[in-house]
$ cat structure02.cif   # mmCIF, C-alpha atoms
data_final
loop_
_atom_site.label_atom_id
_atom_site.label_comp_id
_atom_site.auth_asym_id
_atom_site.auth_seq_id
_atom_site.Cartn_x
_atom_site.Cartn_y
_atom_site.Cartn_z
CA MET A 1 7.96 -14.46 -2.45
CA ALA A 2 11.48 -15.29 -3.59
CA PHE A 3 14.92 -13.67 -3.39
CA ALA A 4 17.80 -13.34 -5.81
CA GLN A 5 21.30 -12.35 -4.83
CA LEU A 6 22.62 -9.99 -7.49
CA GLY A 7 26.10 -8.57 -7.75
CA ARG A 8 25.48 -5.69 -5.33
CA VAL A 9 22.06 -6.26 -3.74
CA ARG A 10 19.59 -8.97 -2.87
CA LEU A 11 16.21 -8.40 -4.53
CA GLU A 12 12.84 -9.72 -3.45
CA TYR A 13 10.36 -10.66 -6.15
CA PHE A 14 6.93 -12.30 -6.30
CA PRO A 15 6.46 -15.12 -8.82
CA ALA A 16 3.07 -16.32 -10.02
CA GLY A 17 1.89 -18.89 -12.54
CA HIS A 18 3.75 -21.45 -14.60
CA GLY A 19 2.60 -20.83 -18.15
CA PRO A 20 4.67 -20.26 -21.30
CA GLU A 21 3.96 -16.51 -21.57
CA LYS A 22 6.34 -14.55 -19.35
CA VAL A 23 5.61 -11.12 -17.88
CA VAL A 24 7.88 -8.91 -15.74
CA PHE A 25 6.18 -6.23 -13.62
CA VAL A 26 8.01 -3.15 -12.29
CA HIS A 27 6.52 -0.78 -9.68
CA GLY A 28 6.90 2.97 -9.31
CA PHE A 29 8.31 5.70 -7.08
CA GLN A 30 7.18 4.90 -3.50
CA ALA A 31 5.26 1.71 -4.23
CA SER A 32 6.26 -1.93 -4.01
CA ALA A 33 5.69 -5.16 -5.92
CA ARG A 34 2.41 -5.59 -4.03
CA VAL A 35 0.83 -3.10 -6.41
CA TRP A 36 0.77 -5.90 -9.02
CA SER A 37 -0.61 -8.70 -6.86
CA LEU A 38 -4.23 -8.40 -8.04
CA VAL A 39 -3.20 -8.48 -11.69
CA GLN A 40 -0.92 -11.46 -11.17
CA ALA A 41 -3.72 -13.30 -9.38
CA VAL A 42 -6.16 -13.06 -12.30
CA LEU A 43 -3.74 -13.96 -15.10
CA PRO A 44 -4.35 -17.66 -15.93
CA ALA A 45 -1.62 -19.61 -14.13
CA ASP A 46 -1.44 -22.24 -16.88
CA ARG A 47 -0.81 -19.62 -19.57
CA TYR A 48 1.27 -16.99 -17.78
CA ALA A 49 4.33 -16.95 -15.57
CA SER A 50 5.03 -13.57 -14.04
CA ILE A 51 7.35 -11.90 -11.57
CA ALA A 52 6.76 -8.61 -9.76
CA ILE A 53 10.07 -7.09 -8.68
CA ASN A 54 10.68 -5.14 -5.50
CA ASN A 55 13.25 -2.57 -6.56
CA ARG A 56 16.13 -2.02 -4.14
CA GLY A 57 14.76 -0.10 -1.17
CA ALA A 58 11.26 -1.62 -1.54
CA GLY A 59 9.69 -4.41 0.48
CA GLY A 60 12.22 -7.04 1.47
CA SER A 61 14.88 -6.00 -1.06
CA ASP A 62 18.18 -4.59 0.15
CA ALA A 63 18.27 -0.83 0.74
CA PRO A 64 21.75 0.65 0.21
CA PRO A 65 22.40 3.87 2.16
CA ASP A 66 23.52 6.22 -0.62
CA GLU A 67 21.18 8.20 -2.87
CA SER A 68 23.40 7.34 -5.85
CA ASP A 69 22.45 3.68 -5.35
CA TYR A 70 18.93 4.42 -6.65
CA GLY A 71 17.37 5.63 -9.87
CA VAL A 72 15.87 4.58 -13.18
CA GLU A 73 19.12 3.30 -14.69
CA VAL A 74 19.99 1.41 -11.50
CA PHE A 75 16.54 -0.22 -11.24
CA ALA A 76 16.67 -1.22 -14.92
CA ALA A 77 20.14 -2.71 -14.47
CA ASP A 78 18.94 -4.70 -11.45
CA ALA A 79 15.96 -6.01 -13.44
CA PHE A 80 18.30 -7.10 -16.23
CA GLU A 81 20.53 -8.91 -13.78
CA LEU A 82 17.53 -10.62 -12.20
CA VAL A 83 15.96 -11.87 -15.46
CA SER A 84 19.39 -13.00 -16.63
CA GLN A 85 19.82 -14.99 -13.45
CA LEU A 86 16.37 -16.54 -13.95
CA GLY A 87 17.17 -17.33 -17.58
CA TRP A 88 14.23 -15.29 -18.84
CA SER A 89 13.99 -13.80 -22.33
CA ASN A 90 11.23 -13.09 -24.84
CA PHE A 91 8.98 -11.62 -22.15
CA THR A 92 6.49 -8.76 -21.89
CA LEU A 93 7.75 -5.93 -19.69
CA VAL A 94 5.23 -3.85 -17.74
CA GLY A 95 6.00 -0.69 -15.74
CA HIS A 96 3.80 1.59 -13.62
CA SER A 97 4.45 5.31 -13.03
CA LEU A 98 8.21 5.73 -12.42
CA GLY A 99 8.38 2.06 -13.39
CA GLY A 100 7.29 3.20 -16.86
CA ALA A 101 10.59 5.05 -17.19
CA THR A 102 12.44 2.05 -15.75
CA VAL A 103 11.01 -0.36 -18.32
CA ALA A 104 11.68 2.19 -21.08
CA GLN A 105 15.33 2.26 -19.99
CA PHE A 106 15.40 -1.55 -19.99
CA ALA A 107 13.80 -1.74 -23.44
CA VAL A 108 16.30 0.60 -25.09
CA ASP A 109 19.23 -1.11 -23.37
CA HIS A 110 18.12 -4.71 -24.03
CA PRO A 111 15.58 -4.71 -26.89
CA GLY A 112 16.34 -8.31 -27.82
CA LEU A 113 14.93 -9.60 -24.54
CA VAL A 114 11.59 -7.78 -24.66
CA LYS A 115 8.81 -8.87 -27.01
CA GLY A 116 6.21 -6.38 -25.75
CA LEU A 117 6.31 -3.20 -23.65
CA VAL A 118 3.39 -1.98 -21.52
CA LEU A 119 3.44 1.46 -19.88
CA LEU A 120 0.83 2.01 -17.16
CA ASP A 121 0.31 5.67 -16.22
CA PRO A 122 4.02 6.09 -17.03
CA ALA A 123 6.53 8.80 -16.28
CA ASP A 124 7.77 10.75 -19.29
CA PRO A 125 10.87 9.12 -20.85
CA ASP A 126 12.42 12.60 -21.01
CA GLY A 127 11.68 13.36 -17.37
CA PRO A 128 9.61 16.27 -16.02
CA SER A 129 8.92 19.14 -18.41
CA GLN A 130 10.35 21.55 -15.84
CA ARG A 131 14.13 21.34 -16.31
CA LEU A 132 15.77 21.67 -12.90
CA GLN A 133 19.40 21.21 -11.99
CA GLY A 134 21.89 22.26 -9.35
CA PRO A 135 20.52 24.11 -6.30
CA ALA A 136 17.03 24.43 -7.82
CA LEU A 137 16.76 20.65 -8.15
CA GLU A 138 18.04 20.07 -4.61
CA GLU A 139 15.54 22.59 -3.23
CA MET A 140 12.69 20.86 -5.05
CA ILE A 141 13.74 17.46 -3.71
CA ASP A 142 13.98 18.87 -0.17
CA ARG A 143 10.46 20.27 -0.50
CA ARG A 144 9.12 16.94 -1.74
CA MET A 145 10.73 15.09 1.14
CA GLU A 146 9.37 17.57 3.69
CA ALA A 147 5.89 17.21 2.20
CA ARG A 148 6.25 13.43 2.39
CA ARG A 149 7.27 13.60 6.06
CA GLN A 150 4.17 15.67 6.79
CA THR A 151 2.02 13.13 4.93
CA LEU A 152 3.52 10.30 6.97
CA GLU A 153 2.88 12.20 10.20
CA ARG A 154 -0.80 12.40 9.22
CA GLY A 155 -0.83 8.65 8.63
CA GLY A 156 -0.90 8.85 4.84
CA ALA A 157 1.22 6.99 2.32
CA GLY A 158 1.12 9.10 -0.84
CA ASP A 159 2.27 8.38 -4.39
CA GLY A 160 -1.19 8.99 -5.83
CA ILE A 161 -2.21 5.44 -4.89
CA ASP A 162 -5.63 5.14 -3.29
CA ALA A 163 -7.89 2.26 -4.28
CA SER A 164 -10.06 2.49 -1.19
CA GLY A 165 -13.16 3.11 -3.29
CA ALA A 166 -12.39 0.54 -5.96
CA GLY A 167 -12.91 -2.65 -4.02
CA ALA A 168 -9.23 -3.51 -3.52
CA PRO A 169 -8.87 -5.70 -0.41
CA ALA A 170 -8.28 -3.61 2.70
CA GLU A 171 -5.52 -5.95 3.86
CA LEU A 172 -3.63 -5.43 0.58
CA MET A 173 -4.00 -1.65 0.80
CA ARG A 174 -2.73 -1.63 4.40
CA ALA A 175 0.31 -3.70 3.43
CA LEU A 176 1.02 -1.53 0.38
CA ALA A 177 0.69 1.64 2.46
CA ALA A 178 3.14 0.19 4.98
CA ASP A 179 5.61 -0.53 2.17
CA MET A 180 5.29 3.03 0.90
CA ARG A 181 5.78 4.51 4.35
CA ALA A 182 8.86 2.34 4.83
CA ALA A 183 10.51 3.51 1.60
CA PRO A 184 13.89 4.99 2.62
CA GLU A 185 14.38 8.65 1.80
CA ALA A 186 17.63 7.87 -0.01
CA ARG A 187 15.67 5.76 -2.51
CA LEU A 188 13.16 8.54 -3.16
CA ARG A 189 15.79 11.26 -3.46
CA GLY A 190 17.87 9.17 -5.85
CA SER A 191 14.79 8.29 -7.91
CA LEU A 192 13.72 11.93 -8.23
CA ARG A 193 17.21 13.04 -9.20
CA SER A 194 17.43 10.35 -11.87
CA MET A 195 14.09 11.42 -13.35
CA PHE A 196 15.38 14.92 -14.00
CA GLY A 197 18.32 13.45 -15.87
CA LEU A 198 16.25 11.24 -18.18
CA ARG A 199 16.59 11.86 -21.91
CA LEU A 200 15.22 8.71 -23.52
CA GLY A 201 12.73 10.23 -25.98
CA ALA A 202 14.85 9.78 -29.09
CA ARG A 203 15.71 6.21 -28.12
CA VAL A 204 12.21 5.00 -27.23
CA LYS A 205 10.98 6.30 -30.59
CA ALA A 206 12.98 3.50 -32.19
CA VAL A 207 12.22 0.51 -29.94
CA PRO A 208 11.39 -2.50 -32.14
CA MET A 209 8.80 -4.26 -29.97
CA PRO A 210 5.04 -3.52 -29.86
CA VAL A 211 4.19 -0.91 -27.22
CA LEU A 212 0.97 -0.18 -25.31
CA LEU A 213 0.28 2.80 -23.07
CA ALA A 214 -2.68 2.49 -20.69
CA ALA A 215 -3.90 5.10 -18.22
CA GLY A 216 -6.77 6.42 -16.16
CA ASP A 217 -8.32 9.74 -17.18
CA ARG A 218 -8.63 10.81 -13.53
CA ASP A 219 -4.92 10.45 -12.78
CA GLU A 220 -4.03 13.53 -10.73
CA LEU A 221 -0.34 12.66 -10.44
CA ILE A 222 0.24 12.41 -14.21
CA PRO A 223 -2.65 14.19 -15.99
CA ILE A 224 -4.05 12.77 -19.20
CA GLY A 225 -2.50 15.58 -21.28
CA ALA A 226 0.97 14.66 -20.07
CA MET A 227 0.16 11.01 -20.74
CA LEU A 228 -0.73 11.75 -24.35
CA ALA A 229 2.51 13.69 -24.78
CA THR A 230 4.40 10.63 -23.52
CA TRP A 231 2.44 8.34 -25.85
CA ALA A 232 3.47 10.51 -28.82
CA LYS A 233 7.15 9.90 -28.02
CA TYR A 234 6.85 6.15 -28.67
CA PRO A 235 6.84 4.53 -32.13
CA ARG A 236 4.04 5.07 -34.57
CA GLY A 237 1.40 2.43 -33.96
CA THR A 238 1.86 2.41 -30.18
CA GLY A 239 -1.41 1.36 -28.61
CA LEU A 240 -3.38 3.63 -26.29
CA HIS A 241 -6.07 2.63 -23.80
CA VAL A 242 -7.73 5.07 -21.40
CA TRP A 243 -10.10 4.06 -18.61
CA HIS A 244 -12.78 6.60 -17.76
CA GLY A 245 -13.10 7.46 -14.07
CA ILE A 246 -9.88 5.65 -13.07
CA GLY A 247 -6.98 7.29 -11.25
CA HIS A 248 -3.23 6.72 -11.12
CA SER A 249 -3.31 3.00 -10.32
CA PRO A 250 -5.43 0.86 -12.66
CA ASN A 251 -3.48 -2.13 -11.32
CA LEU A 252 -5.48 -1.64 -8.11
CA ASP A 253 -8.59 0.21 -9.33
CA CYS A 254 -9.48 -2.17 -12.17
CA ALA A 255 -7.06 -5.08 -11.97
CA GLU A 256 -9.27 -7.53 -13.86
CA ASP A 257 -9.77 -5.08 -16.74
CA LEU A 258 -6.02 -4.48 -16.85
CA ALA A 259 -5.37 -8.23 -16.96
CA VAL A 260 -7.82 -8.56 -19.88
CA LEU A 261 -6.09 -5.69 -21.69
CA LEU A 262 -2.69 -7.23 -21.04
CA ARG A 263 -3.82 -10.60 -22.36
CA ARG A 264 -5.29 -8.99 -25.48
CA PHE A 265 -1.99 -7.21 -26.08
CA VAL A 266 0.20 -10.27 -25.50
CA GLU A 267 -2.00 -12.80 -27.30
CA GLY A 268 -3.09 -10.46 -30.08
CA THR A 269 -0.81 -7.53 -30.87
CA VAL A 270 2.47 -9.09 -29.72
CA ALA A 271 1.68 -12.49 -31.24
CA ALA A 272 0.71 -10.86 -34.54
CA GLY A 273 3.94 -8.88 -34.58
CA ARG A 274 5.93 -12.02 -33.91
CA SER A 275 4.14 -13.89 -36.72
CA SER A 276 4.78 -11.03 -39.17
CA ALA A 277 8.45 -10.95 -38.24
CA ALA A 278 8.72 -14.69 -38.87
CA ARG A 279 7.42 -14.38 -42.44
#
$ encode --input "structure02.cif" --output "structure tokens"
Amino acid sequence: MAFAQLGRVRLEYFPAGHGPEKVVFVHGFQASARVWSLVQAVLPADRYASIAINNRGAGGSDAPPDESDYGVEVFAADAFELVSQLGWSNFTLVGHSLGGATVAQFAVDHPGLVKGLVLLDPADPDGPSQRLQGPALEEMIDRRMEARRQTLERGGAGDGIDASGAGAPAELMRALAADMRAAPEARLRGSLRSMFGLRLGARVKAVPMPVLLAAGDRDELIPIGAMLATWAKYPRGTGLHVWHGIGHSPNLDCAEDLAVLLRRFVEGTVAAGRSSAAR
């Protein structure tokens, strides 16, 4: 692990590899950077350098006390500050679940830095289809937090992440579950509130880099129909890959297959796009 002191928070991130191809991984709602560890481990170290970021409030990153200190725009701004500090550009950006919205925000704000965008079981760039605001939104958030507290009391972790039947190492799943249980409520409330304010659909339709959406057809958190609606909001030609029998977290359920797909995208689609642009 490594740490970077940003303007307002210190972020923890996990680097891997030393190759010329750079990849930035962003986790979702309750999860942490650990959700990417299996994928990072199987990417060839001599060809790929990657970082998996712990958003503020996750893992060892700072956790500010106010709900307004969290959300898609905040996480994307932190990621920009981190890659700027590292001197990274021309990288592939990968986001899972809520992280899909975070990387979408990053891509529309800083398109010149991103050469490829990968959305894994992503949140809709326009937020939930149910438009809530004011007291109705606050009531929904309160209900979600109460349900989470009940899940924690039963020893669960939540977030639709369960790779217990997929061969993911038990030690990794225990550590990831501990990270999810430790997620401060302010982070989750702020993240939920930011999702209902998202309106990125018109902007993501015009992103210039190649885009790939990948998902499991047994995702119960974001059903395949919603995933296809999200896919349709991205530019024409956006790639689509669906794993049969896989749930919300292919990065745990089929990490090696995801790494192969990622490599095919980076070394094929993205490289071809770059060559065409150079002509």
$ resolve_selection --input "structure02.cif" --expression "the PyMOL selection byres ((chain A and resi 202) around 12)" --output "VMD selection string"
chain A and resid 104 to 105 108 125 to 126 198 to 201 203 to 207 230 232 to 235
$ resolve_selection --input "structure02.cif" --expression "the PyMOL selection byres ((chain A and resi 172) around 12)" --output "list in words"
Ser32, Ala33, Arg34, Val35, Trp36, Ser37, Leu38, Asp162, Ala163, Ser164, Gly167, Ala168, Pro169, Ala170, Glu171, Met173, Arg174, Ala175, Leu176, Ala177, Ala178, Asp179 and Leu252 of chain A
$ resolve_selection --input "structure02.cif" --expression "the PyMOL selection byres ((chain A and resi 5) around 10)" --output "PyMOL selection string"
chain A and resi 3-4+6-12+61-62+81-82+85
$ residues_around --input "structure02.cif" --residues "Pro44 of chain A" --least-positions-apart "5" --cutoff "12 Å" --atoms "all atoms listed in the file" --output "list in words"
Ala16, Gly17, His18, Gly19, Pro20, Glu21, Lys22, Val39, Ala49, Ser50, Glu256, Ala259, Val260, Leu262 and Arg263 of chain A
$ closest_residue --input "structure02.cif" --among "A:Ala31, A:Ser84, A:Val23, A:Ala186" --to "Leu43 of chain A" --atoms "all atoms listed in the file"
A:Val23
